Amino acid sequence: APTSAMDDRRQKQREAVQRVIASAAGSSDDELLLAHYGVRDDDMEAVAAAVSGNPSLCSLYLHSNSIGHKGAAVLARAIRNHKTVELISLANNYIGEEGAAVLADALRDNRALVVLMLGRNGLGDAGALAFADALRANTTLVQLDLDNNAVGKDGAEALAAALAGNATITQLNLSDNTVGDAGAIALASAIAAPSSALSVLNLSSNGIGNVGARAIADALRVRTCSLRQLSLTANTITEQGASDIIDALVENQSLVWLMLTGNAVPHQVHDVCSVLTNANSGSVTTPKPFIRDVPEGVRREGYNAILACMETLARTAGRE
């Protein structure tokens, strides 16, 4: 009896999903909300028909379902030449490397999509490589989310090479991956590339240490750097890496938001980073004390605070 009751509930859930999808067919709504509906691969033909049949559709929400690579292939066919869909959320599904490959291939031809969210899909390095290749051809995508996808050094290096020559991607989320120092070094080169448009980069929880932090610091010093927001939370950066980043922030003119929480750095680091990024954003309201001999080319905002923090870092490093 319990099994029969459970089967009945599942059947009713399936019927509810199918009714929602069917109601979308022929709709002129600009959003299709199918997140958390238990959508499966065998539902995707109906979803694709609803997408293809709606010339007003702008946003498609399919996150937190049970869509695998077969469903991704069906969706890829529907969006390849779709002219109005600008946002697709497929996070928390099961599309894997095969699904990534077909979606990336569609992205090469698509000229409408602006935001693509694919976090928690098991894409791996192979999936990242597929999207890196697509970004060399695509000229409309602005935001790409690949968080929590087991992307390592190889995937990061491929994405970095593509981003260095891509003038449209401004936001990349690679949090909760395993890019490490090698991946951070590669991505730093993309940050510094004159033709890169990257302004928001999330590298939280990636096993990045002081070597990667130094590479990012060097990129922040480059005058053409356009990065506005950077998250390095929950990595393995210590006093030395923090010192390099702070030193770079003295020269950097673009960064307005930086997160270093969850690293083994003194609390003063967060205060100094706030001073410097606030100065870039123009939101400093209280004048900071200045020293007379500010190095040439260095902004004056918060320089005393910087020196105090650097001294703290030096003393802490000296005790190790």
# chains A, B, ... in the order shown; residues from 1 in each chain; ligands from 1
>>> closest_atom_pairs(of="range 115-201 of chain A", to="range 84-101 of chain A", cutoff="12 Å", atoms="only C-alpha atoms", output="CSV")
residue,atom,partner,partner_atom,distance
A:Val115,CA,A:Leu87,CA,4.7
A:Leu116,CA,A:Ile88,CA,5.1
A:Met117,CA,A:Ser89,CA,4.7
A:Leu118,CA,A:Ala91,CA,4.4
A:Gly119,CA,A:Ala91,CA,4.6
A:Arg120,CA,A:Asn92,CA,4.7
A:Asn121,CA,A:Tyr94,CA,5.0
A:Gly122,CA,A:Gly96,CA,4.7
A:Leu123,CA,A:Gly96,CA,4.6
A:Gly124,CA,A:Glu97,CA,6.6
A:Asp125,CA,A:Glu97,CA,8.3
A:Ala126,CA,A:Glu97,CA,6.0
A:Gly127,CA,A:Glu97,CA,4.9
A:Ala128,CA,A:Ala100,CA,8.0
A:Leu129,CA,A:Ala101,CA,8.9
A:Ala130,CA,A:Ala101,CA,5.6
A:Phe131,CA,A:Ala100,CA,7.4
A:Ala132,CA,A:Ala101,CA,10.6
A:Asp133,CA,A:Ala101,CA,9.9
A:Ala134,CA,A:Ala101,CA,9.4
A:Thr140,CA,A:Glu86,CA,9.3
A:Leu141,CA,A:Glu86,CA,8.7
A:Val142,CA,A:Glu86,CA,9.9
A:Gln143,CA,A:Leu87,CA,9.3
A:Leu144,CA,A:Ile88,CA,10.2
A:Asp145,CA,A:Ala91,CA,8.6
A:Leu146,CA,A:Ala91,CA,8.7
A:Asp147,CA,A:Ala91,CA,9.0
A:Asn148,CA,A:Asn92,CA,9.4
A:Asn149,CA,A:Gly96,CA,8.9
A:Ala150,CA,A:Gly96,CA,10.6
A:Val151,CA,A:Glu97,CA,11.1
>>> write_last_selection(atoms="C-alpha atoms", output="compact mmCIF listing (two decimals), in the first residue's frame")
# COMPACT_ATOMS: atom_id res chain seq x y z
CA VAL A 115 23.25 34.79 -19.69
CA LEU A 116 23.93 31.05 -19.35
CA MET A 117 23.86 29.41 -15.90
CA LEU A 118 25.23 25.87 -15.74
CA GLY A 119 26.43 25.44 -12.17
CA ARG A 120 26.43 21.96 -10.59
CA ASN A 121 26.15 19.91 -13.76
CA GLY A 122 29.26 17.71 -13.73
CA LEU A 123 30.78 19.41 -16.76
CA GLY A 124 34.44 18.81 -15.83
CA ASP A 125 37.38 20.10 -17.81
CA ALA A 126 35.95 18.69 -21.02
CA GLY A 127 32.83 20.82 -20.63
CA ALA A 128 34.89 23.92 -19.89
CA LEU A 129 37.01 23.27 -22.98
CA ALA A 130 33.85 23.00 -25.09
CA PHE A 131 32.59 26.38 -23.90
CA ALA A 132 36.01 27.94 -24.30
CA ASP A 133 35.96 26.88 -27.93
CA ALA A 134 32.44 28.28 -28.37
CA THR A 140 26.70 37.96 -27.54
CA LEU A 141 27.13 36.00 -24.30
CA VAL A 142 27.86 38.29 -21.35
CA GLN A 143 27.58 36.01 -18.29
CA LEU A 144 28.72 32.39 -17.96
CA ASP A 145 28.24 30.46 -14.71
CA LEU A 146 30.23 27.23 -14.41
CA ASP A 147 30.39 26.99 -10.62
CA ASN A 148 30.74 23.62 -8.86
CA ASN A 149 31.56 21.63 -12.01
CA ALA A 150 34.91 19.99 -11.21
CA VAL A 151 36.71 22.38 -13.54
>>> residues_around(residues="range 233-238 of chain A", least_positions_apart="4", cutoff="8 Å", atoms="only C-alpha atoms", output="list in words")
Leu203, Ser204, Ser205, Asn206, Gly207, Ile208, Gly209, Asn210, Ala213, Ala242, Met259, Leu260, Thr261, Gly262, Asn263, Ala264 and Val265 of chain A
>>> residues_around(residues="Ala164 in chain A", least_positions_apart="4", cutoff="12 Å", atoms="only C-alpha atoms", output="list in words")
Ala132, Leu135, Arg136, Glu157, Ala158, Leu159, Ala160, Thr168, Ile169, Thr170, Ala186, Leu187, Ala188, Ser189, Ala190, Ile191, Ala192, Ala193, Pro194, Ser195, Ser196, Ala197, Leu198 and Cys225 of chain A
>>> residues_around(residues="range 42-59 of chain A", least_positions_apart="4", cutoff="9 Å", atoms="only C-alpha atoms", output="ChimeraX atom specification")
/A:17-18,21-33,67,70-72,74-79,82-89,113
>>> select_by_dssp(residues="range 182-258 of chain A", states="helix (DSSP H, G or I)", output="VMD selection string")
chain A and resid 182 to 192 210 to 221 239 to 251
>>> closest_residue(among="A:Leu201, A:Val269, A:Leu62, A:Val20", to="Arg40 in chain A", atoms="only C-alpha atoms")
A:Leu62
>>> select_by_dssp(residues="range 47-133 of chain A", states="strand (DSSP E)", output="ChimeraX atom specification")
/A:59-61,87-89,115-117
>>> write_last_selection(atoms="N, CA and C atoms", output="PDB file, in the first residue's frame")
ATOM      1  N   SER A  59      13.398  34.547 -21.207  1.00  0.00           N
ATOM      2  CA  SER A  59      14.064  33.867 -20.095  1.00  0.00           C
ATOM      3  C   SER A  59      13.504  32.469 -19.906  1.00  0.00           C
ATOM      4  N   LEU A  60      14.414  31.498 -19.781  1.00  0.00           N
ATOM      5  CA  LEU A  60      14.032  30.097 -19.616  1.00  0.00           C
ATOM      6  C   LEU A  60      14.690  29.553 -18.356  1.00  0.00           C
ATOM      7  N   TYR A  61      13.857  29.179 -17.378  1.00  0.00           N
ATOM      8  CA  TYR A  61      14.350  28.695 -16.093  1.00  0.00           C
ATOM      9  C   TYR A  61      14.089  27.199 -15.971  1.00  0.00           C
ATOM     10  N   LEU A  87      18.273  34.522 -21.608  1.00  0.00           N
ATOM     11  CA  LEU A  87      18.725  33.915 -20.357  1.00  0.00           C
ATOM     12  C   LEU A  87      18.265  32.475 -20.268  1.00  0.00           C
ATOM     13  N   ILE A  88      19.204  31.588 -19.950  1.00  0.00           N
ATOM     14  CA  ILE A  88      18.878  30.184 -19.697  1.00  0.00           C
ATOM     15  C   ILE A  88      19.537  29.764 -18.396  1.00  0.00           C
ATOM     16  N   SER A  89      18.724  29.257 -17.476  1.00  0.00           N
ATOM     17  CA  SER A  89      19.245  28.703 -16.225  1.00  0.00           C
ATOM     18  C   SER A  89      19.039  27.200 -16.222  1.00  0.00           C
ATOM     19  N   VAL A 115      22.912  35.400 -20.973  1.00  0.00           N
ATOM     20  CA  VAL A 115      23.247  34.789 -19.688  1.00  0.00           C
ATOM     21  C   VAL A 115      23.019  33.284 -19.765  1.00  0.00           C
ATOM     22  N   LEU A 116      24.038  32.504 -19.371  1.00  0.00           N
ATOM     23  CA  LEU A 116      23.932  31.046 -19.352  1.00  0.00           C
ATOM     24  C   LEU A 116      24.440  30.542 -18.002  1.00  0.00           C
ATOM     25  N   MET A 117      23.538  29.900 -17.246  1.00  0.00           N
ATOM     26  CA  MET A 117      23.857  29.410 -15.904  1.00  0.00           C
ATOM     27  C   MET A 117      23.875  27.888 -15.911  1.00  0.00           C
TER      28      MET A 117
END
>>> atom_distance(atom1="CA of Val211 in chain A", atom2="CA of Ala248 in chain A")
14.3 Å
>>> closest_residue(among="A:Leu232, A:Asp8, A:Ser64, A:Ala182", to="Leu34 in chain A", atoms="only C-alpha atoms")
A:Ser64
>>> atom_distance(atom1="CA of Asp247 in chain A", atom2="CA of Asn278 in chain A")
15.6 Å
